[in-house]
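A.B. asks: This is the content of query.cif (mmCIF, N, CA and C atoms):
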data_input
loop_
_atom_site.label_atom_id
_atom_site.label_comp_id
_atom_site.auth_asym_id
_atom_site.auth_seq_id
_atom_site.Cartn_x
_atom_site.Cartn_y
_atom_site.Cartn_z
N VAL E 1 -11.43 -13.58 0.61
CA VAL E 1 -10.20 -12.87 0.96
C VAL E 1 -10.56 -11.47 1.44
N GLN E 2 -9.98 -11.09 2.57
CA GLN E 2 -10.18 -9.74 3.09
C GLN E 2 -8.82 -9.08 3.32
N LEU E 3 -8.76 -7.81 2.97
CA LEU E 3 -7.56 -7.02 3.20
C LEU E 3 -7.92 -5.85 4.09
N GLN E 4 -7.18 -5.68 5.16
CA GLN E 4 -7.44 -4.60 6.11
C GLN E 4 -6.22 -3.69 6.17
N ALA E 5 -6.39 -2.49 5.65
CA ALA E 5 -5.31 -1.50 5.71
C ALA E 5 -5.43 -0.68 6.98
N SER E 6 -4.30 -0.35 7.56
CA SER E 6 -4.28 0.46 8.78
C SER E 6 -3.01 1.28 8.82
N GLY E 7 -2.97 2.20 9.78
CA GLY E 7 -1.77 2.99 9.98
C GLY E 7 -1.85 4.42 9.45
N GLY E 8 -2.95 4.76 8.82
CA GLY E 8 -3.10 6.12 8.33
C GLY E 8 -3.33 7.10 9.46
N GLY E 9 -3.32 8.38 9.10
CA GLY E 9 -3.55 9.40 10.10
C GLY E 9 -3.13 10.76 9.61
N LEU E 10 -3.06 11.69 10.53
CA LEU E 10 -2.65 13.06 10.23
C LEU E 10 -1.19 13.23 10.62
N VAL E 11 -0.40 13.74 9.69
CA VAL E 11 1.03 13.92 9.94
C VAL E 11 1.46 15.24 9.31
N GLN E 12 2.44 15.87 9.91
CA GLN E 12 2.95 17.12 9.37
C GLN E 12 3.86 16.86 8.18
N PRO E 13 3.99 17.82 7.30
CA PRO E 13 4.94 17.67 6.19
C PRO E 13 6.33 17.33 6.70
N GLY E 14 6.98 16.39 6.01
CA GLY E 14 8.27 15.93 6.44
C GLY E 14 8.23 14.74 7.38
N GLY E 15 7.05 14.42 7.86
CA GLY E 15 6.89 13.32 8.79
C GLY E 15 6.82 11.96 8.11
N SER E 16 6.60 10.93 8.91
CA SER E 16 6.56 9.56 8.42
C SER E 16 5.34 8.82 8.94
N LEU E 17 4.92 7.86 8.16
CA LEU E 17 3.88 6.93 8.56
C LEU E 17 4.22 5.56 8.01
N ARG E 18 3.73 4.54 8.69
CA ARG E 18 3.90 3.18 8.19
C ARG E 18 2.52 2.55 8.07
N LEU E 19 2.14 2.23 6.86
CA LEU E 19 0.87 1.58 6.62
C LEU E 19 1.06 0.07 6.64
N SER E 20 0.04 -0.61 7.14
CA SER E 20 0.04 -2.06 7.15
C SER E 20 -1.18 -2.58 6.41
N CYS E 21 -1.04 -3.73 5.83
CA CYS E 21 -2.16 -4.40 5.17
C CYS E 21 -2.15 -5.85 5.61
N ALA E 22 -3.21 -6.25 6.28
CA ALA E 22 -3.31 -7.62 6.77
C ALA E 22 -4.29 -8.40 5.90
N ALA E 23 -3.87 -9.53 5.42
CA ALA E 23 -4.71 -10.37 4.57
C ALA E 23 -5.25 -11.53 5.39
N SER E 24 -6.51 -11.84 5.19
CA SER E 24 -7.13 -12.99 5.83
C SER E 24 -7.99 -13.72 4.82
N GLY E 25 -8.25 -14.98 5.12
CA GLY E 25 -9.07 -15.77 4.20
C GLY E 25 -8.37 -16.16 2.93
N VAL E 26 -7.05 -16.08 2.95
CA VAL E 26 -6.27 -16.44 1.77
C VAL E 26 -5.24 -17.48 2.17
N ILE E 27 -5.11 -18.52 1.34
CA ILE E 27 -4.13 -19.55 1.68
C ILE E 27 -2.72 -19.05 1.36
N SER E 28 -1.76 -19.63 2.05
CA SER E 28 -0.39 -19.15 1.94
C SER E 28 0.15 -19.18 0.52
N SER E 29 -0.18 -20.24 -0.21
CA SER E 29 0.37 -20.36 -1.57
C SER E 29 -0.13 -19.23 -2.47
N VAL E 30 -1.33 -18.76 -2.22
CA VAL E 30 -1.86 -17.64 -3.00
C VAL E 30 -1.19 -16.35 -2.57
N PHE E 31 -1.13 -16.11 -1.27
CA PHE E 31 -0.51 -14.87 -0.79
C PHE E 31 0.95 -14.80 -1.20
N ASN E 32 1.66 -15.90 -1.01
CA ASN E 32 3.10 -15.89 -1.24
C ASN E 32 3.46 -15.63 -2.70
N THR E 33 2.57 -15.97 -3.60
CA THR E 33 2.85 -15.76 -5.02
C THR E 33 2.16 -14.52 -5.59
N ALA E 34 1.48 -13.79 -4.74
CA ALA E 34 0.73 -12.63 -5.21
C ALA E 34 1.63 -11.43 -5.43
N HIS E 35 1.18 -10.61 -6.35
CA HIS E 35 1.80 -9.30 -6.57
C HIS E 35 1.04 -8.34 -5.66
N MET E 36 1.72 -7.82 -4.65
CA MET E 36 1.07 -6.94 -3.68
C MET E 36 1.32 -5.49 -4.07
N LYS E 37 0.29 -4.67 -3.93
CA LYS E 37 0.41 -3.28 -4.38
C LYS E 37 -0.29 -2.35 -3.40
N TRP E 38 0.18 -1.12 -3.40
CA TRP E 38 -0.50 -0.02 -2.71
C TRP E 38 -0.94 0.98 -3.77
N TYR E 39 -2.18 1.40 -3.67
CA TYR E 39 -2.73 2.46 -4.50
C TYR E 39 -3.17 3.59 -3.59
N ARG E 40 -3.41 4.74 -4.20
CA ARG E 40 -4.00 5.84 -3.44
C ARG E 40 -4.93 6.63 -4.34
N GLN E 41 -5.87 7.31 -3.69
CA GLN E 41 -6.81 8.14 -4.42
C GLN E 41 -7.06 9.41 -3.63
N ALA E 42 -6.70 10.50 -4.24
CA ALA E 42 -6.93 11.81 -3.64
C ALA E 42 -8.28 12.34 -4.13
N PRO E 43 -8.89 13.24 -3.39
CA PRO E 43 -10.19 13.80 -3.80
C PRO E 43 -10.12 14.39 -5.20
N GLY E 44 -11.08 14.00 -6.04
CA GLY E 44 -11.14 14.54 -7.39
C GLY E 44 -10.14 13.96 -8.36
N ARG E 45 -9.40 12.95 -7.92
CA ARG E 45 -8.39 12.37 -8.80
C ARG E 45 -8.63 10.87 -8.95
N GLN E 46 -8.03 10.32 -9.99
CA GLN E 46 -8.14 8.89 -10.21
C GLN E 46 -7.23 8.13 -9.26
N ARG E 47 -7.60 6.89 -9.00
CA ARG E 47 -6.75 6.04 -8.19
C ARG E 47 -5.45 5.78 -8.94
N GLU E 48 -4.34 5.86 -8.22
CA GLU E 48 -3.05 5.66 -8.86
C GLU E 48 -2.23 4.63 -8.09
N LEU E 49 -1.39 3.93 -8.83
CA LEU E 49 -0.48 2.96 -8.23
C LEU E 49 0.66 3.69 -7.54
N VAL E 50 0.88 3.36 -6.29
CA VAL E 50 1.95 3.99 -5.51
C VAL E 50 3.18 3.10 -5.49
N ALA E 51 2.97 1.82 -5.18
CA ALA E 51 4.10 0.90 -5.05
C ALA E 51 3.62 -0.53 -5.27
N GLY E 52 4.51 -1.36 -5.77
CA GLY E 52 4.20 -2.77 -5.97
C GLY E 52 5.38 -3.63 -5.57
N LEU E 53 5.06 -4.84 -5.17
CA LEU E 53 6.09 -5.79 -4.74
C LEU E 53 5.68 -7.18 -5.18
N THR E 54 6.51 -7.76 -6.06
CA THR E 54 6.20 -9.09 -6.56
C THR E 54 6.62 -10.15 -5.55
N SER E 55 6.20 -11.37 -5.83
CA SER E 55 6.58 -12.48 -4.95
C SER E 55 8.08 -12.71 -4.98
N GLY E 56 8.71 -12.32 -6.06
CA GLY E 56 10.16 -12.48 -6.18
C GLY E 56 10.97 -11.35 -5.59
N GLY E 57 10.27 -10.35 -5.08
CA GLY E 57 10.96 -9.25 -4.44
C GLY E 57 11.21 -8.02 -5.31
N THR E 58 10.71 -8.04 -6.52
CA THR E 58 10.87 -6.87 -7.39
C THR E 58 9.91 -5.77 -6.97
N THR E 59 10.44 -4.57 -6.84
CA THR E 59 9.62 -3.44 -6.43
C THR E 59 9.44 -2.45 -7.57
N ASP E 60 8.37 -1.70 -7.47
CA ASP E 60 8.05 -0.66 -8.45
C ASP E 60 7.39 0.48 -7.70
N PHE E 61 7.79 1.70 -8.03
CA PHE E 61 7.25 2.86 -7.34
C PHE E 61 6.84 3.94 -8.34
N ALA E 62 5.81 4.67 -7.96
CA ALA E 62 5.46 5.85 -8.73
C ALA E 62 6.60 6.86 -8.63
N ASP E 63 6.83 7.60 -9.69
CA ASP E 63 7.93 8.56 -9.69
C ASP E 63 7.81 9.55 -8.53
N SER E 64 6.59 9.88 -8.17
CA SER E 64 6.37 10.89 -7.14
C SER E 64 6.77 10.44 -5.75
N VAL E 65 6.97 9.13 -5.56
CA VAL E 65 7.31 8.63 -4.22
C VAL E 65 8.67 7.95 -4.17
N LYS E 66 9.34 7.83 -5.29
CA LYS E 66 10.64 7.17 -5.32
C LYS E 66 11.61 7.87 -4.38
N GLY E 67 12.32 7.06 -3.61
CA GLY E 67 13.28 7.60 -2.66
C GLY E 67 12.68 7.98 -1.32
N ARG E 68 11.35 8.01 -1.24
CA ARG E 68 10.68 8.37 0.01
C ARG E 68 9.88 7.21 0.61
N PHE E 69 9.33 6.36 -0.25
CA PHE E 69 8.50 5.25 0.20
C PHE E 69 9.23 3.93 -0.03
N THR E 70 9.01 2.99 0.86
CA THR E 70 9.48 1.63 0.66
C THR E 70 8.32 0.66 0.92
N ILE E 71 8.36 -0.46 0.22
CA ILE E 71 7.31 -1.46 0.35
C ILE E 71 7.95 -2.76 0.79
N SER E 72 7.26 -3.50 1.65
CA SER E 72 7.78 -4.77 2.12
C SER E 72 6.62 -5.70 2.42
N ARG E 73 6.95 -6.96 2.63
CA ARG E 73 5.91 -7.95 2.92
C ARG E 73 6.45 -8.96 3.91
N ASP E 74 5.54 -9.54 4.67
CA ASP E 74 5.86 -10.61 5.60
C ASP E 74 4.93 -11.77 5.24
N ASN E 75 5.43 -12.69 4.47
CA ASN E 75 4.58 -13.78 4.00
C ASN E 75 4.09 -14.66 5.15
N ALA E 76 4.92 -14.84 6.15
CA ALA E 76 4.52 -15.70 7.27
C ALA E 76 3.31 -15.12 8.00
N ARG E 77 3.23 -13.80 8.06
CA ARG E 77 2.11 -13.15 8.74
C ARG E 77 1.04 -12.67 7.76
N LYS E 78 1.30 -12.87 6.47
CA LYS E 78 0.36 -12.42 5.42
C LYS E 78 0.09 -10.93 5.57
N ARG E 79 1.17 -10.18 5.63
CA ARG E 79 1.05 -8.74 5.76
C ARG E 79 1.94 -8.04 4.75
N MET E 80 1.55 -6.82 4.44
CA MET E 80 2.33 -5.97 3.57
C MET E 80 2.43 -4.61 4.24
N TYR E 81 3.52 -3.89 3.95
CA TYR E 81 3.75 -2.62 4.60
C TYR E 81 4.15 -1.56 3.58
N LEU E 82 3.85 -0.32 3.92
CA LEU E 82 4.32 0.81 3.13
C LEU E 82 4.90 1.82 4.11
N GLN E 83 6.22 1.96 4.08
CA GLN E 83 6.88 2.96 4.90
C GLN E 83 6.97 4.24 4.10
N MET E 84 6.39 5.30 4.64
CA MET E 84 6.33 6.57 3.94
C MET E 84 7.11 7.61 4.74
N ASN E 85 8.15 8.13 4.14
CA ASN E 85 8.99 9.14 4.77
C ASN E 85 8.93 10.44 3.98
N SER E 86 9.36 11.49 4.62
CA SER E 86 9.39 12.82 3.97
C SER E 86 8.06 13.14 3.31
N LEU E 87 7.01 12.94 4.04
CA LEU E 87 5.67 13.10 3.48
C LEU E 87 5.40 14.54 3.08
N LYS E 88 4.64 14.68 2.01
CA LYS E 88 4.29 15.99 1.45
C LYS E 88 2.77 16.13 1.44
N PRO E 89 2.28 17.35 1.42
CA PRO E 89 0.82 17.54 1.36
C PRO E 89 0.19 16.81 0.17
N GLU E 90 0.91 16.70 -0.93
CA GLU E 90 0.35 16.03 -2.10
C GLU E 90 0.26 14.51 -1.93
N ASP E 91 0.79 13.99 -0.84
CA ASP E 91 0.62 12.57 -0.54
C ASP E 91 -0.72 12.30 0.14
N THR E 92 -1.44 13.34 0.46
CA THR E 92 -2.75 13.18 1.10
C THR E 92 -3.70 12.42 0.19
N ALA E 93 -4.25 11.34 0.70
CA ALA E 93 -5.13 10.47 -0.09
C ALA E 93 -5.62 9.33 0.79
N VAL E 94 -6.56 8.59 0.26
CA VAL E 94 -6.91 7.30 0.84
C VAL E 94 -6.02 6.25 0.19
N TYR E 95 -5.37 5.47 1.01
CA TYR E 95 -4.44 4.45 0.53
C TYR E 95 -5.10 3.07 0.62
N TYR E 96 -5.00 2.33 -0.47
CA TYR E 96 -5.61 1.01 -0.57
C TYR E 96 -4.54 -0.04 -0.83
N CYS E 97 -4.72 -1.20 -0.21
CA CYS E 97 -3.84 -2.31 -0.55
C CYS E 97 -4.57 -3.24 -1.51
N ASN E 98 -3.78 -3.86 -2.35
CA ASN E 98 -4.31 -4.72 -3.41
C ASN E 98 -3.51 -6.00 -3.48
N LEU E 99 -4.21 -7.11 -3.58
CA LEU E 99 -3.59 -8.42 -3.73
C LEU E 99 -3.98 -8.94 -5.10
N ASP E 100 -3.01 -9.06 -5.95
CA ASP E 100 -3.24 -9.48 -7.34
C ASP E 100 -2.63 -10.87 -7.49
N SER E 101 -3.51 -11.88 -7.57
CA SER E 101 -3.01 -13.25 -7.58
C SER E 101 -3.70 -14.08 -8.64
N TYR E 102 -3.21 -15.30 -8.80
CA TYR E 102 -3.87 -16.21 -9.75
C TYR E 102 -5.25 -16.60 -9.26
N GLY E 103 -5.50 -16.36 -7.96
CA GLY E 103 -6.81 -16.67 -7.40
C GLY E 103 -7.79 -15.52 -7.48
N GLY E 104 -7.33 -14.39 -7.92
CA GLY E 104 -8.22 -13.23 -8.01
C GLY E 104 -7.52 -11.94 -7.67
N ASP E 105 -8.27 -10.86 -7.79
CA ASP E 105 -7.76 -9.51 -7.53
C ASP E 105 -8.59 -8.93 -6.39
N TYR E 106 -7.95 -8.61 -5.28
CA TYR E 106 -8.66 -8.22 -4.08
C TYR E 106 -8.21 -6.86 -3.57
N TRP E 107 -9.17 -6.14 -2.96
CA TRP E 107 -8.93 -4.79 -2.46
C TRP E 107 -9.37 -4.65 -1.02
N GLY E 108 -8.63 -3.83 -0.27
CA GLY E 108 -9.04 -3.46 1.06
C GLY E 108 -9.86 -2.17 1.00
N LYS E 109 -10.35 -1.73 2.16
CA LYS E 109 -11.21 -0.55 2.22
C LYS E 109 -10.45 0.76 2.25
N GLY E 110 -9.19 0.73 2.53
CA GLY E 110 -8.42 1.96 2.50
C GLY E 110 -8.23 2.58 3.86
N THR E 111 -7.16 3.36 3.95
CA THR E 111 -6.87 4.11 5.17
C THR E 111 -6.47 5.53 4.76
N GLN E 112 -7.00 6.50 5.48
CA GLN E 112 -6.78 7.90 5.12
C GLN E 112 -5.43 8.40 5.63
N VAL E 113 -4.69 9.02 4.74
CA VAL E 113 -3.44 9.70 5.10
C VAL E 113 -3.61 11.17 4.78
N THR E 114 -3.41 12.00 5.78
CA THR E 114 -3.51 13.44 5.60
C THR E 114 -2.20 14.08 6.04
N VAL E 115 -1.59 14.81 5.12
CA VAL E 115 -0.33 15.50 5.40
C VAL E 115 -0.61 16.99 5.42
N SER E 116 -0.55 17.56 6.60
CA SER E 116 -0.91 18.96 6.74
C SER E 116 -0.26 19.54 7.99
N SER E 117 0.05 20.81 7.93
CA SER E 117 0.58 21.48 9.11
C SER E 117 -0.55 22.16 9.88
#
Since I need it in another form, could you write the structure as structure tokens?

C.D. replies:
Amino acid sequence: VQLQASGGGLVQPGGSLRLSCAASGVISSVFNTAHMKWYRQAPGRQRELVAGLTSGGTTDFADSVKGRFTISRDNARKRMYLQMNSLKPEDTAVYYCNLDSYGGDYWGKGTQVTVSS
């Protein structure tokens, strides 16, 4: 299983970015039932859970991003998304996608998000 995160970049405070995570090498039944998550890790800090989305559609967000970030998935394309609005400098981090399934726990390499003026 491979996860490829993309969509990161440099954005000004208040701006938006949409991250994508494409899964490959995973059968549909595993992807469709997986708990998909986004994590992030800022320099000098521990990796933290940003958002999660279960196969049933239940979402969970870190308090710091509630109301600003949304998470979604496209099972047919085996993709997951993180829409980030009203970005703040403290959102600067490497963002990782995670697929947590009965078949295993998988991580992508991450995409850098930098929020700066």

A.B. asks: Just the residues within 7 Å of region 27-32 of chain E, please, counting all atoms listed in the file, with nothing from its chain fewer than 3 positions along; format it as a short mmCIF file (atom, residue, chain, number, x, y, z; two decimals) with N, CA and C atoms, in the coordinates of the input.

C.D. replies:
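In the end it all went to part.cif:
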data_model
loop_
_atom_site.label_atom_id
_atom_site.label_comp_id
_atom_site.auth_asym_id
_atom_site.auth_seq_id
_atom_site.Cartn_x
_atom_site.Cartn_y
_atom_site.Cartn_z
N SER E 24 -6.51 -11.84 5.19
CA SER E 24 -7.13 -12.99 5.83
C SER E 24 -7.99 -13.72 4.82
N HIS E 35 1.18 -10.61 -6.35
CA HIS E 35 1.80 -9.30 -6.57
C HIS E 35 1.04 -8.34 -5.66
N THR E 54 6.51 -7.76 -6.06
CA THR E 54 6.20 -9.09 -6.56
C THR E 54 6.62 -10.15 -5.55
N SER E 55 6.20 -11.37 -5.83
CA SER E 55 6.58 -12.48 -4.95
C SER E 55 8.08 -12.71 -4.98
N ASN E 75 5.43 -12.69 4.47
CA ASN E 75 4.58 -13.78 4.00
C ASN E 75 4.09 -14.66 5.15
N LYS E 78 1.30 -12.87 6.47
CA LYS E 78 0.36 -12.42 5.42
C LYS E 78 0.09 -10.93 5.57
N SER E 101 -3.51 -11.88 -7.57
CA SER E 101 -3.01 -13.25 -7.58
C SER E 101 -3.70 -14.08 -8.64
N TYR E 102 -3.21 -15.30 -8.80
CA TYR E 102 -3.87 -16.21 -9.75
C TYR E 102 -5.25 -16.60 -9.26
N GLY E 103 -5.50 -16.36 -7.96
CA GLY E 103 -6.81 -16.67 -7.40
C GLY E 103 -7.79 -15.52 -7.48
#

A.B. asks: Write out as number ranges by chain the residues lying within 6.5 Å of region 88-90 of chain E, counting all atoms listed in the file and excluding same-chain residues fewer than 4 positions away.

C.D. replies: E: 13-15, 115-116

A.B. asks: Show which residues sit within 7 Å of Gly110 (chain E), as JSON, numbers by chain. Count only N, CA and C atoms, and ignore same-chain residues fewer than 6 positions away.

C.D. replies: {"E": [3, 4, 5, 6, 94, 95, 96, 97]}

A.B. asks: Of the residues E:Ser16, E:Thr114, E:Asn85, E:Gln2, which is the one nearest to Gly67 (chain E), using only N, CA and C atoms?

C.D. replies: E:Asn85

A.B. asks: In Å, rounded to a single decimal, give me how far atom N of Arg18 (chain E) is from atom C of Gln83 (chain E).

C.D. replies: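 Spanning atom C of Gln83 (chain E) to atom N of Arg18 (chain E) is a straight-line distance of 5.6 Å.
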
A.B. asks: Please return as a list in words: the residues of chain E that backbone DSSP assigns to helix (DSSP H, G or I).

C.D. replies: Ser28, Ser29, Val30, Phe31, Asn32, Thr33, Pro89, Glu90 and Asp91 of chain E

A.B. asks: Which of these residues is nearest to Asp91 (chain E), using all atoms listed in the file: E:Leu10, E:Val113, E:Ala23, E:Tyr106?

C.D. replies: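 Selected residue with least distance to Asp91 (chain E): E:Val113.
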
A.B. asks: From the options E:Arg73, E:Lys109, E:Lys66, E:Arg79, which residue's atoms come nearest to Leu53 (chain E), counting only C-alpha atoms?

C.D. replies: E:Arg73

A.B. asks: Calculate how many Å separate CA of Arg68 (chain E) from CA of Gln112 (chain E), rounding to one decimal.

C.D. replies: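 Between CA of Arg68 (chain E) and CA of Gln112 (chain E) the gap works out to 18.2 Å.
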
A.B. asks: For the file shown, report as a VMD selection string the outcome of the PyMOL selection byres ((chain E and resi 49) around 7) at residue level.

C.D. replies: chain E and resid 38 to 40 47 to 48 50 to 52 61 to 62
